[in-house]
Amino acid sequence: MTRVLDAEPHDTGTVDTAPTRADQGYDTVFSYRELARLDEALTMSSRETGLRFTLYIGDLGPKTRIRAEELHAHGGDPVDSVLLAVSPGQRVIEVVTGASAARRLPDRACALAVLSMTNSFAAGDLVGGIVNGLRQLSDQAGHPHGARRH
Amino acid sequence: MTVVETLLVFVVAPLAVYVFFWAVTYLPGGRQRQGVRYKPGQAWEHEPVWYEPQPENAPTHAAGEGDTQAVGSSLYGETAAIGAGHGSGHGPGHGVSADGHGPIGSSVIAGTRGATAVSAGTPVPSAGGPLGGARGTW
């Protein structure tokens with residue numbers, strides 16, 4: 001009858017597609033539902049404001065601010081992007097705004113969002129804190145000038 | 001009521017109710033929580049991940065110029081060189097994947113559509129003015 005073929009598994013990912021493979025090395029930090037919330041929050045706040053919100057969750061090393069700024073500079077479009085770098089192991093969050101984004105998101109607004117985020121984080125709610133912080137930041141930034149779509 | 005009946009009604013039955021609710025609450029095997037449960041102060045031993053917003057024109061990317069034409073590639077094509085230049089690019093593979101093996105390792109996520117991983121490579125000097133932001137601890 002049928003039997004399982006003896007086939008070596010092979011990886012068809014190219015240099016570019018391999019890092020986005022989903023079937024191996026996937027660290028299930030968040031549930032799918034939480035990932036969906038994060039995805040929606042990031043996408044909608046980026047579309048509302050025209051800025052580019054990205055979220056980094058991981059260790060930031062001993063010099064957290066310098067590491068976060070390096071990460072921010074490395075991401076695409078650093079002038080218009082806002083990086084939320086959360087290091088749960090170190091209990092640190094760093095918000096880095098690019099030069100153009102900082103004009104619409106002053107440091108005081110970022111500090112307020114960070115305050116509300118750290119409140120949620122201290123209660124153990126990582127995703128809820130991030131989503132609420134993104135909401136605050138995007139509310140503060142508002143719509144891009146002359147691009148009000150709704 | 002005999003003594004046995006009294007014991008059954010007033011001792012064993014309430015105990016059974018308590019034991020039932022204790023078992024439902026504390027014994028494993030119920031609804032499993034997916035993902036990790038974060039408690040403040042616990043160590044975080046996961047790969048660093050970097051989530052990006054979805055590009056606005058993500059699903060409408062058709063194979064065309066700049067895509068690989070490899071046999072077996074998908075209907076929509078794949079962007080030929082994602083890491084080469086266009087960071088805020090167009091298409092499904094819009095993540096900025098520099099060399100793949102940066103100091104923090106190549107972060108791999110996916111699983112849902114949209115939350116895209118970016119692997120951090122060597123840091124580049126910041127361009128375009130001062131950075132703002134805030135920091136907080138908890």
# chains A, B, ... in the order shown; residues from 1 in each chain; ligands from 1

$ residues_around --residues "stretch 84-93 of chain A" --least-positions-apart "4" --cutoff "7 Å" --atoms "only C-alpha atoms" --output "PyMOL selection string"
(chain A and resi 54-60+68) or (chain B and resi 41-44+135-138)

$ write_last_selection --atoms "N, CA and C atoms" --output "PDB file, in the first residue's frame"
ATOM      1  N   THR A  54       7.042  51.480  14.483  1.00  0.00           N
ATOM      2  CA  THR A  54       7.527  50.112  14.555  1.00  0.00           C
ATOM      3  C   THR A  54       7.741  49.757  16.021  1.00  0.00           C
ATOM      4  N   LEU A  55       7.741  48.475  16.257  1.00  0.00           N
ATOM      5  CA  LEU A  55       7.775  47.980  17.632  1.00  0.00           C
ATOM      6  C   LEU A  55       8.844  46.916  17.737  1.00  0.00           C
ATOM      7  N   TYR A  56       9.761  47.132  18.658  1.00  0.00           N
ATOM      8  CA  TYR A  56      10.824  46.155  18.909  1.00  0.00           C
ATOM      9  C   TYR A  56      10.635  45.607  20.305  1.00  0.00           C
ATOM     10  N   ILE A  57      10.631  44.303  20.407  1.00  0.00           N
ATOM     11  CA  ILE A  57      10.519  43.677  21.723  1.00  0.00           C
ATOM     12  C   ILE A  57      11.699  42.739  21.886  1.00  0.00           C
ATOM     13  N   GLY A  58      12.557  43.061  22.791  1.00  0.00           N
ATOM     14  CA  GLY A  58      13.727  42.229  23.009  1.00  0.00           C
ATOM     15  C   GLY A  58      14.726  42.970  23.872  1.00  0.00           C
ATOM     16  N   ASP A  59      15.826  42.302  24.065  1.00  0.00           N
ATOM     17  CA  ASP A  59      16.823  42.870  24.958  1.00  0.00           C
ATOM     18  C   ASP A  59      17.487  44.077  24.318  1.00  0.00           C
ATOM     19  N   LEU A  60      17.793  45.067  25.128  1.00  0.00           N
ATOM     20  CA  LEU A  60      18.397  46.289  24.621  1.00  0.00           C
ATOM     21  C   LEU A  60      19.827  46.484  25.105  1.00  0.00           C
ATOM     22  N   ALA A  68      18.612  51.537  21.328  1.00  0.00           N
ATOM     23  CA  ALA A  68      17.346  51.858  20.686  1.00  0.00           C
ATOM     24  C   ALA A  68      17.549  52.850  19.550  1.00  0.00           C
TER      25      ALA A  68
ATOM     26  N   GLY B  41       9.259  41.460  36.016  1.00  0.00           N
ATOM     27  CA  GLY B  41      10.403  40.986  36.754  1.00  0.00           C
ATOM     28  C   GLY B  41      10.927  39.652  36.291  1.00  0.00           C
ATOM     29  N   GLN B  42      10.151  38.954  35.484  1.00  0.00           N
ATOM     30  CA  GLN B  42      10.658  37.678  35.013  1.00  0.00           C
ATOM     31  C   GLN B  42      11.637  37.918  33.869  1.00  0.00           C
ATOM     32  N   ALA B  43      12.516  36.970  33.690  1.00  0.00           N
ATOM     33  CA  ALA B  43      13.501  37.112  32.612  1.00  0.00           C
ATOM     34  C   ALA B  43      12.796  36.948  31.270  1.00  0.00           C
ATOM     35  N   TRP B  44      13.350  37.590  30.294  1.00  0.00           N
ATOM     36  CA  TRP B  44      12.765  37.553  28.957  1.00  0.00           C
ATOM     37  C   TRP B  44      13.762  36.867  28.051  1.00  0.00           C
ATOM     38  N   ARG B 135      11.744  57.688  27.673  1.00  0.00           N
ATOM     39  CA  ARG B 135      12.050  56.363  28.194  1.00  0.00           C
ATOM     40  C   ARG B 135      11.298  56.176  29.491  1.00  0.00           C
ATOM     41  N   GLY B 136      11.034  54.934  29.797  1.00  0.00           N
ATOM     42  CA  GLY B 136      10.326  54.640  31.026  1.00  0.00           C
ATOM     43  C   GLY B 136      10.727  53.293  31.552  1.00  0.00           C
ATOM     44  N   THR B 137      10.591  53.131  32.837  1.00  0.00           N
ATOM     45  CA  THR B 137      10.846  51.843  33.466  1.00  0.00           C
ATOM     46  C   THR B 137       9.634  51.478  34.316  1.00  0.00           C
ATOM     47  N   TRP B 138       9.542  50.200  34.611  1.00  0.00           N
ATOM     48  CA  TRP B 138       8.434  49.782  35.460  1.00  0.00           C
ATOM     49  C   TRP B 138       8.867  48.719  36.409  1.00  0.00           C
TER      50      TRP B 138
END

$ closest_atom_pairs --of "stretch 62-128 of chain A" --to "stretch 24-48 of chain A" --cutoff "12 Å" --atoms "only C-alpha atoms" --output "tab-separated table"
residue	atom	partner	partner_atom	distance
A:Asp80	CA	A:Ser46	CA	10.3
A:Ser81	CA	A:Ser46	CA	9.1
A:Val82	CA	A:Ser46	CA	9.4
A:Leu83	CA	A:Leu42	CA	10.7
A:Leu84	CA	A:Leu42	CA	10.5
A:Pro88	CA	A:Val29	CA	11.7
A:Ala101	CA	A:Ser46	CA	11.5
A:Asp125	CA	A:Glu34	CA	10.8
A:Leu126	CA	A:Glu34	CA	9.6
A:Val127	CA	A:Glu34	CA	6.6
A:Gly128	CA	A:Arg37	CA	8.7

$ closest_residue --among "A:Arg104, A:His145, A:Arg135, A:His74" --to "chain B" --atoms "only C-alpha atoms"
A:His74

$ atom_distance --atom1 "atom CA of A:Asp139" --atom2 "atom CA of A:Thr49"
8.3 Å

$ select_by_dssp --residues "stretch 6-140 of chain A" --states "strand (DSSP E or B)" --output "VMD selection string"
chain A and resid 52 to 57 81 to 87 92 to 97

$ write_last_selection --atoms "C-alpha atoms" --output "PDB file, in the first residue's frame"
ATOM      1  CA  ARG A  52       5.901  54.863  10.605  1.00  0.00           C
ATOM      2  CA  PHE A  53       5.407  53.159  13.938  1.00  0.00           C
ATOM      3  CA  THR A  54       7.527  50.112  14.555  1.00  0.00           C
ATOM      4  CA  LEU A  55       7.775  47.980  17.632  1.00  0.00           C
ATOM      5  CA  TYR A  56      10.824  46.155  18.909  1.00  0.00           C
ATOM      6  CA  ILE A  57      10.519  43.677  21.723  1.00  0.00           C
ATOM      7  CA  SER A  81       9.534  56.696  11.959  1.00  0.00           C
ATOM      8  CA  VAL A  82       8.780  56.144  15.606  1.00  0.00           C
ATOM      9  CA  LEU A  83      10.308  53.165  17.337  1.00  0.00           C
ATOM     10  CA  LEU A  84       8.877  51.656  20.473  1.00  0.00           C
ATOM     11  CA  ALA A  85      11.608  49.499  21.935  1.00  0.00           C
ATOM     12  CA  VAL A  86      10.386  47.380  24.802  1.00  0.00           C
ATOM     13  CA  SER A  87      12.746  45.260  26.839  1.00  0.00           C
ATOM     14  CA  VAL A  92      12.682  49.384  30.084  1.00  0.00           C
ATOM     15  CA  ILE A  93      10.801  51.012  27.263  1.00  0.00           C
ATOM     16  CA  GLU A  94      12.454  53.488  24.935  1.00  0.00           C
ATOM     17  CA  VAL A  95      10.527  55.565  22.445  1.00  0.00           C
ATOM     18  CA  VAL A  96      12.669  57.006  19.677  1.00  0.00           C
ATOM     19  CA  THR A  97      11.225  59.521  17.277  1.00  0.00           C
TER      20      THR A  97
END

$ select_by_dssp --residues "stretch 64-128 of chain A" --states "helix (DSSP H, G or I)" --output "short mmCIF file (atom, residue, chain, number, x, y, z; two decimals) with N, CA and C atoms, in the first residue's frame"
data_model
loop_
_atom_site.label_atom_id
_atom_site.label_comp_id
_atom_site.auth_asym_id
_atom_site.auth_seq_id
_atom_site.Cartn_x
_atom_site.Cartn_y
_atom_site.Cartn_z
N THR A 64 20.62 51.08 26.99
CA THR A 64 19.36 50.88 26.27
C THR A 64 19.07 52.00 25.29
N ARG A 65 19.36 53.22 25.69
CA ARG A 65 19.01 54.33 24.80
C ARG A 65 19.84 54.30 23.51
N ILE A 66 21.13 54.01 23.68
CA ILE A 66 22.00 53.97 22.51
C ILE A 66 21.59 52.84 21.59
N ARG A 67 21.26 51.72 22.20
CA ARG A 67 20.84 50.57 21.38
C ARG A 67 19.55 50.89 20.64
N ALA A 68 18.61 51.54 21.33
CA ALA A 68 17.35 51.86 20.69
C ALA A 68 17.55 52.85 19.55
N GLU A 69 18.45 53.79 19.73
CA GLU A 69 18.69 54.75 18.66
C GLU A 69 19.39 54.11 17.48
N GLU A 70 20.24 53.14 17.77
CA GLU A 70 20.85 52.40 16.67
C GLU A 70 19.80 51.64 15.88
N LEU A 71 18.91 51.00 16.61
CA LEU A 71 17.84 50.26 15.93
C LEU A 71 16.98 51.19 15.10
N HIS A 72 16.67 52.34 15.67
CA HIS A 72 15.84 53.30 14.97
C HIS A 72 16.52 53.76 13.69
N ALA A 73 17.82 54.00 13.78
CA ALA A 73 18.54 54.46 12.60
C ALA A 73 18.63 53.37 11.55
N HIS A 74 18.57 52.14 12.01
CA HIS A 74 18.73 51.06 11.05
C HIS A 74 17.44 50.76 10.31
N PRO A 78 14.18 56.47 8.72
CA PRO A 78 14.32 56.84 10.14
C PRO A 78 13.80 58.23 10.48
N VAL A 79 13.74 59.12 9.50
CA VAL A 79 13.32 60.48 9.82
C VAL A 79 11.85 60.50 10.23
N ASP A 80 11.04 59.72 9.55
CA ASP A 80 9.61 59.75 9.78
C ASP A 80 9.12 58.63 10.67
N ALA A 99 13.68 62.78 13.36
CA ALA A 99 13.72 64.24 13.40
C ALA A 99 12.40 64.85 12.94
N SER A 100 11.83 64.28 11.89
CA SER A 100 10.57 64.83 11.39
C SER A 100 9.40 64.41 12.27
N ALA A 101 9.46 63.21 12.76
CA ALA A 101 8.37 62.74 13.63
C ALA A 101 8.37 63.47 14.96
N ALA A 102 9.54 63.90 15.41
CA ALA A 102 9.62 64.57 16.71
C ALA A 102 8.93 65.92 16.69
N ARG A 103 8.77 66.50 15.51
CA ARG A 103 8.05 67.78 15.46
C ARG A 103 6.57 67.58 15.71
N ARG A 104 6.05 66.43 15.33
CA ARG A 104 4.63 66.17 15.58
C ARG A 104 4.41 65.41 16.87
N ASP A 107 8.42 65.46 22.99
CA ASP A 107 8.90 64.51 23.99
C ASP A 107 7.93 64.37 25.16
N ARG A 108 7.22 65.45 25.43
CA ARG A 108 6.27 65.37 26.55
C ARG A 108 5.14 64.42 26.23
N ALA A 109 4.67 64.44 24.98
CA ALA A 109 3.62 63.50 24.60
C ALA A 109 4.12 62.07 24.65
N CYS A 110 5.36 61.88 24.22
CA CYS A 110 5.94 60.53 24.30
C CYS A 110 6.04 60.08 25.74
N ALA A 111 6.44 61.01 26.61
CA ALA A 111 6.58 60.63 28.02
C ALA A 111 5.24 60.25 28.62
N LEU A 112 4.19 60.95 28.19
CA LEU A 112 2.87 60.61 28.70
C LEU A 112 2.44 59.23 28.23
N ALA A 113 2.68 58.96 26.96
CA ALA A 113 2.34 57.63 26.44
C ALA A 113 3.16 56.55 27.13
N VAL A 114 4.43 56.87 27.38
CA VAL A 114 5.29 55.90 28.06
C VAL A 114 4.78 55.64 29.47
N LEU A 115 4.29 56.67 30.09
CA LEU A 115 3.77 56.50 31.45
C LEU A 115 2.59 55.54 31.47
N SER A 116 1.68 55.73 30.52
CA SER A 116 0.53 54.83 30.50
C SER A 116 0.94 53.42 30.12
N MET A 117 1.96 53.33 29.26
CA MET A 117 2.41 51.99 28.89
C MET A 117 3.05 51.28 30.07
N THR A 118 3.89 52.01 30.81
CA THR A 118 4.55 51.35 31.93
C THR A 118 3.55 50.94 33.00
N ASN A 119 2.46 51.68 33.11
CA ASN A 119 1.42 51.25 34.04
C ASN A 119 0.87 49.89 33.67
N SER A 120 0.58 49.72 32.38
CA SER A 120 0.06 48.42 31.95
C SER A 120 1.11 47.33 32.06
N PHE A 121 2.35 47.68 31.74
CA PHE A 121 3.41 46.68 31.80
C PHE A 121 3.61 46.19 33.24
N ALA A 122 3.52 47.12 34.16
CA ALA A 122 3.71 46.73 35.55
C ALA A 122 2.60 45.81 36.01
N LEU A 126 1.42 43.32 28.52
CA LEU A 126 2.32 43.90 27.52
C LEU A 126 1.55 44.43 26.32
N VAL A 127 0.69 43.58 25.78
CA VAL A 127 0.05 43.96 24.52
C VAL A 127 -0.93 45.11 24.72
N GLY A 128 -1.68 45.05 25.81
CA GLY A 128 -2.62 46.13 26.06
C GLY A 128 -1.92 47.46 26.24
#
